[in-house]
Amino acid sequence: MSAPAPSVTEPPDPVTVTGGATDGTGARHKLTALTGLAALSLDAMASVAYGPEAVVLVLAAAGAHGLGFTLPVTLAIALLLAVLVASYRQVIAAFPDGGGSYAVAKAYLGRRTSLVAAASLVLDYVLNVAVAVTAGVAALTSAFPGLYGERVWLCLGVLALLTGVNLRGVLDSARVFLLPAVVFVASVLTVIGVGLFRDGPASTEAADGHASALSGDATAVGALLLLRAFAAGCSALTGVEALANAVPAFRAPAVRRAQRAEVALGAVLGVMLIGLSVLISRFGLQPVEGVTVLAQLADASLGHGTGFYVVQFATMALLALSANTSFGGLPVLLKLLARDNHLPHVFGLKADRQVHRHGVLALAAVSALLLVASGGDTNTLVPLFAIGVFIGFTLAQTGMVLHWRRERGRGWRGKAALNAFGALLTGVSAVVVTATKFQEGAWLIVAALPLLVAVFAAVRRAYARIGAQLELGRVPEPPRRSRSLVVVPVSSLSRLTSEALTAARSLGDEVRAVTVCHTDPEDRAHTEALLRDWALWDPGVPLTLVHSEHRALGRPLAGYVAALAARTPGTRVTVLVPEVEPAHMWQRLLHNQRGAVVSHALRRDTDAVVCRLRFRLTR
């Protein structure tokens, strides 16, 4: 007679449990096209405060004749802006996961080139924070000279404010910065609109008494000077790429919203750049030492009254807050690098409010070091700025040329030609800016780029070694049951001891309690009392004494566990460390942190499984 078939219970279907916010909740922390402009485009908008001035200061080397080329150079920059906006609209559509030039280069130019793009973006984002904060504080100390000696602390205070706002989420930061952005854009457009209807400047009070920055009056302007002016003015284009880097931060449909924000940014920035350049030519403005070009234009258009000061304070606020572009874009880039194993995976984690918290904190920490090292001086940092973004522009557009050649969709030849033209312009600009600023500090960026690429490659190699040992990508052996031995460190008898032994007996085939005893008379008395109480209690678990000549706890326990594992091959040794979980944060100061000490020693010196049993206090 055959034996009955064994009863088999099929396992239930897997259940997927989602943690955290639902899609609807997460969407509340994402950006619209308008808030995206406020959160991610302040850098580009604020650049009109120094972009036209950079052009004027270079052309001033050729005197008044050179200043006559301000508008043609600005029109060339506006043309490049239009090319970049069109290109990054395409990047947004082709790479909706964000990453900008890094994502494009990774797909079409190879891994090594993509790391160059990523490194250039990382450097540019970090420098943008430092330059923006110091420029904003410089505007403040110009209005209130008594604060000049405290400029480093003021810079750190602004940085702390930006960090705190961004830790609450990108949407909260956008809401906070929306009003300053609107006030600044409205102020600049008012300056342009009023100035276009004036036959001459309403006031020159801002420039009176200041030395002219003109270097003479040349009769001809060379191509090299125009090229340098173009490259200097292209600093106004920094931040154009930020929207493409952070597409996942937008609400669905994210691609469409990000593209709308990109076009709006290009339109507003182009109008402001061209409008200010027209006013420079209309008023025959000449740069002077100690007064910005934008301040002179506001004085000439609105007079030296309330409107002038509104423009100045709006500029000061937006310059300081333009660092927020980096806080919106860099954490997303770090997430992509972490996903590709080029950075620690912790940068890929999100907090409850859809914030890449570790990326925000890392950016704040490095920026703080730069602010302290530079002494809060903008001129120390400016020569390092904008080189990285030109490299990113060039690589992104070169990659998009290859993208169109591979895709060959409708009108691909025209799109590829547009990207090729943009790559040529930005590539030349990158070379010119690097060459002209090399001795002023740009050599640091040239040295830092390959160093950062080497760091990314080293992290990837480390993850590859870890993956090989973990046999990632391979089907592992089926799990098997081993004999289990659970060790429970104890120091006294309490409810915590009872809970720990109860948990241990449910986990292992064998349980051993262990206590470390020392040679001091007081400790010997304590050990003897523990042995007596243990015998009276009789929990059914033996108590083992581990003797130590020194007043140490972690090393003796780790030594005992290592020796036990060596004596019992094939047995899985688990150490269950009982701990108290205080009801209030301040109560942590009252506990001796033995659990942390023991756990650290066991992880360092043994291969045992370490479990920490927390007994939660209620008051």
# chains A, B, ... in the order shown; residues from 1 in each chain; ligands from 1
call {"tool": "residues_around", "arguments": {"residues": "Gly422 in chain A", "least_positions_apart": "6", "cutoff": "8 Å", "atoms": "only C-alpha atoms", "output": "number ranges by chain"}}
result
A: 80, 83-84, 394, 397
call {"tool": "select_by_dssp", "arguments": {"residues": "range 95-125 of chain A", "states": "helix (DSSP H, G or I)", "output": "PyMOL selection string"}}
result
chain A and resi 101-108+111-125
call {"tool": "residues_around", "arguments": {"residues": "range 324-337 of chain A", "least_positions_apart": "2", "cutoff": "8 Å", "atoms": "only C-alpha atoms", "output": "NGL selection string"}}
result
:A and (39-43 or 98-99 or 118 or 121-122 or 125-126 or 128-129 or 162-163 or 166 or 170 or 173 or 239 or 242-243 or 245-246 or 321-322 or 339-343 or 345 or 347-349 or 356-360 or 363)
call {"tool": "write_last_selection", "arguments": {"atoms": "C-alpha atoms", "output": "PDB file, in the first residue's frame"}}
result
ATOM      1  CA  ALA A  39      13.664  77.105  -8.043  1.00  0.00           C
ATOM      2  CA  LEU A  40      16.063  76.290 -10.881  1.00  0.00           C
ATOM      3  CA  SER A  41      16.612  79.445 -12.951  1.00  0.00           C
ATOM      4  CA  LEU A  42      17.628  82.127 -10.462  1.00  0.00           C
ATOM      5  CA  ASP A  43      21.252  81.622 -11.482  1.00  0.00           C
ATOM      6  CA  GLY A  98      17.462  64.386 -15.973  1.00  0.00           C
ATOM      7  CA  GLY A  99      21.227  64.588 -15.922  1.00  0.00           C
ATOM      8  CA  ALA A 118      29.527  65.227 -14.731  1.00  0.00           C
ATOM      9  CA  LEU A 121      28.757  70.208 -13.795  1.00  0.00           C
ATOM     10  CA  VAL A 122      29.623  69.345 -10.188  1.00  0.00           C
ATOM     11  CA  TYR A 125      27.294  73.929  -9.308  1.00  0.00           C
ATOM     12  CA  VAL A 126      29.550  74.203  -6.266  1.00  0.00           C
ATOM     13  CA  ASN A 128      27.865  78.871  -8.410  1.00  0.00           C
ATOM     14  CA  VAL A 129      26.809  78.623  -4.767  1.00  0.00           C
ATOM     15  CA  LEU A 162      19.416  78.249   1.650  1.00  0.00           C
ATOM     16  CA  THR A 163      20.272  74.798   2.958  1.00  0.00           C
ATOM     17  CA  ASN A 166      16.004  73.230   0.433  1.00  0.00           C
ATOM     18  CA  VAL A 170      12.277  71.881  -3.828  1.00  0.00           C
ATOM     19  CA  SER A 173      12.246  76.633  -1.934  1.00  0.00           C
ATOM     20  CA  GLY A 239      22.117  78.108 -15.382  1.00  0.00           C
ATOM     21  CA  ALA A 242      19.796  73.458 -14.854  1.00  0.00           C
ATOM     22  CA  LEU A 243      16.240  72.703 -15.981  1.00  0.00           C
ATOM     23  CA  ASN A 245      19.405  68.420 -15.205  1.00  0.00           C
ATOM     24  CA  ALA A 246      16.369  68.293 -12.905  1.00  0.00           C
ATOM     25  CA  LEU A 321      19.398  83.385  -3.758  1.00  0.00           C
ATOM     26  CA  SER A 322      20.592  82.351  -7.229  1.00  0.00           C
ATOM     27  CA  ARG A 339      22.729  55.032  -9.666  1.00  0.00           C
ATOM     28  CA  ASP A 340      25.593  54.401 -12.111  1.00  0.00           C
ATOM     29  CA  ASN A 341      27.930  53.427  -9.223  1.00  0.00           C
ATOM     30  CA  HIS A 342      30.142  56.511  -9.604  1.00  0.00           C
ATOM     31  CA  LEU A 343      29.228  57.896  -6.161  1.00  0.00           C
ATOM     32  CA  HIS A 345      24.533  55.039  -3.152  1.00  0.00           C
ATOM     33  CA  PHE A 347      23.187  60.106  -2.695  1.00  0.00           C
ATOM     34  CA  GLY A 348      20.332  58.270  -4.404  1.00  0.00           C
ATOM     35  CA  LEU A 349      18.123  58.232  -1.305  1.00  0.00           C
ATOM     36  CA  HIS A 356      17.892  64.235  -1.930  1.00  0.00           C
ATOM     37  CA  ARG A 357      19.018  65.260   1.534  1.00  0.00           C
ATOM     38  CA  HIS A 358      22.564  63.925   1.341  1.00  0.00           C
ATOM     39  CA  GLY A 359      23.186  65.789  -1.919  1.00  0.00           C
ATOM     40  CA  VAL A 360      21.923  69.046  -0.393  1.00  0.00           C
ATOM     41  CA  LEU A 363      26.779  70.753  -1.517  1.00  0.00           C
TER      42      LEU A 363
END
call {"tool": "closest_atom_pairs", "arguments": {"of": "range 218-291 of chain A", "to": "range 67-72 of chain A", "cutoff": "10 Å", "atoms": "only C-alpha atoms", "output": "CSV"}}
result
residue,atom,partner,partner_atom,distance
A:Val221,CA,A:Phe69,CA,8.7
A:Leu226,CA,A:Phe69,CA,8.0
A:Ala229,CA,A:Thr70,CA,8.6
A:Phe230,CA,A:Thr70,CA,9.4
A:Gly233,CA,A:Thr70,CA,9.8
A:Leu273,CA,A:Leu71,CA,9.4
A:Ile274,CA,A:Leu71,CA,7.2
A:Gly275,CA,A:Leu71,CA,9.3
A:Leu276,CA,A:Leu71,CA,9.1
A:Ser277,CA,A:Leu71,CA,5.3
A:Val278,CA,A:Leu71,CA,6.3
A:Leu279,CA,A:Leu71,CA,9.3
A:Ile280,CA,A:Thr70,CA,7.8
A:Ser281,CA,A:Gly68,CA,6.8
A:Gly284,CA,A:Leu67,CA,8.4
A:Leu285,CA,A:Leu67,CA,8.5
A:Gln286,CA,A:Leu67,CA,7.8
A:Pro287,CA,A:Leu67,CA,9.5
call {"tool": "atom_distance", "arguments": {"atom1": "CA of Gly595 in chain A", "atom2": "CA of Val577 in chain A"}}
result
6.1 Å
call {"tool": "atom_distance", "arguments": {"atom1": "CA of Cys517 in chain A", "atom2": "CA of Leu493 in chain A"}}
result
14.9 Å
call {"tool": "residues_around", "arguments": {"residues": "Leu501 in chain A", "least_positions_apart": "4", "cutoff": "9 Å", "atoms": "only C-alpha atoms", "output": "PyMOL selection string"}}
result
chain A and resi 488+496-497+505-506+511-513+539+541+576
call {"tool": "closest_residue", "arguments": {"among": "A:Leu452, A:Gly375, A:Val104, A:Ala457", "to": "Gly149 in chain A", "atoms": "only C-alpha atoms"}}
result
A:Gly375
call {"tool": "closest_residue", "arguments": {"among": "A:Val56, A:Val453, A:Leu302, A:Leu34", "to": "Ser120 in chain A", "atoms": "only C-alpha atoms"}}
result
A:Val453
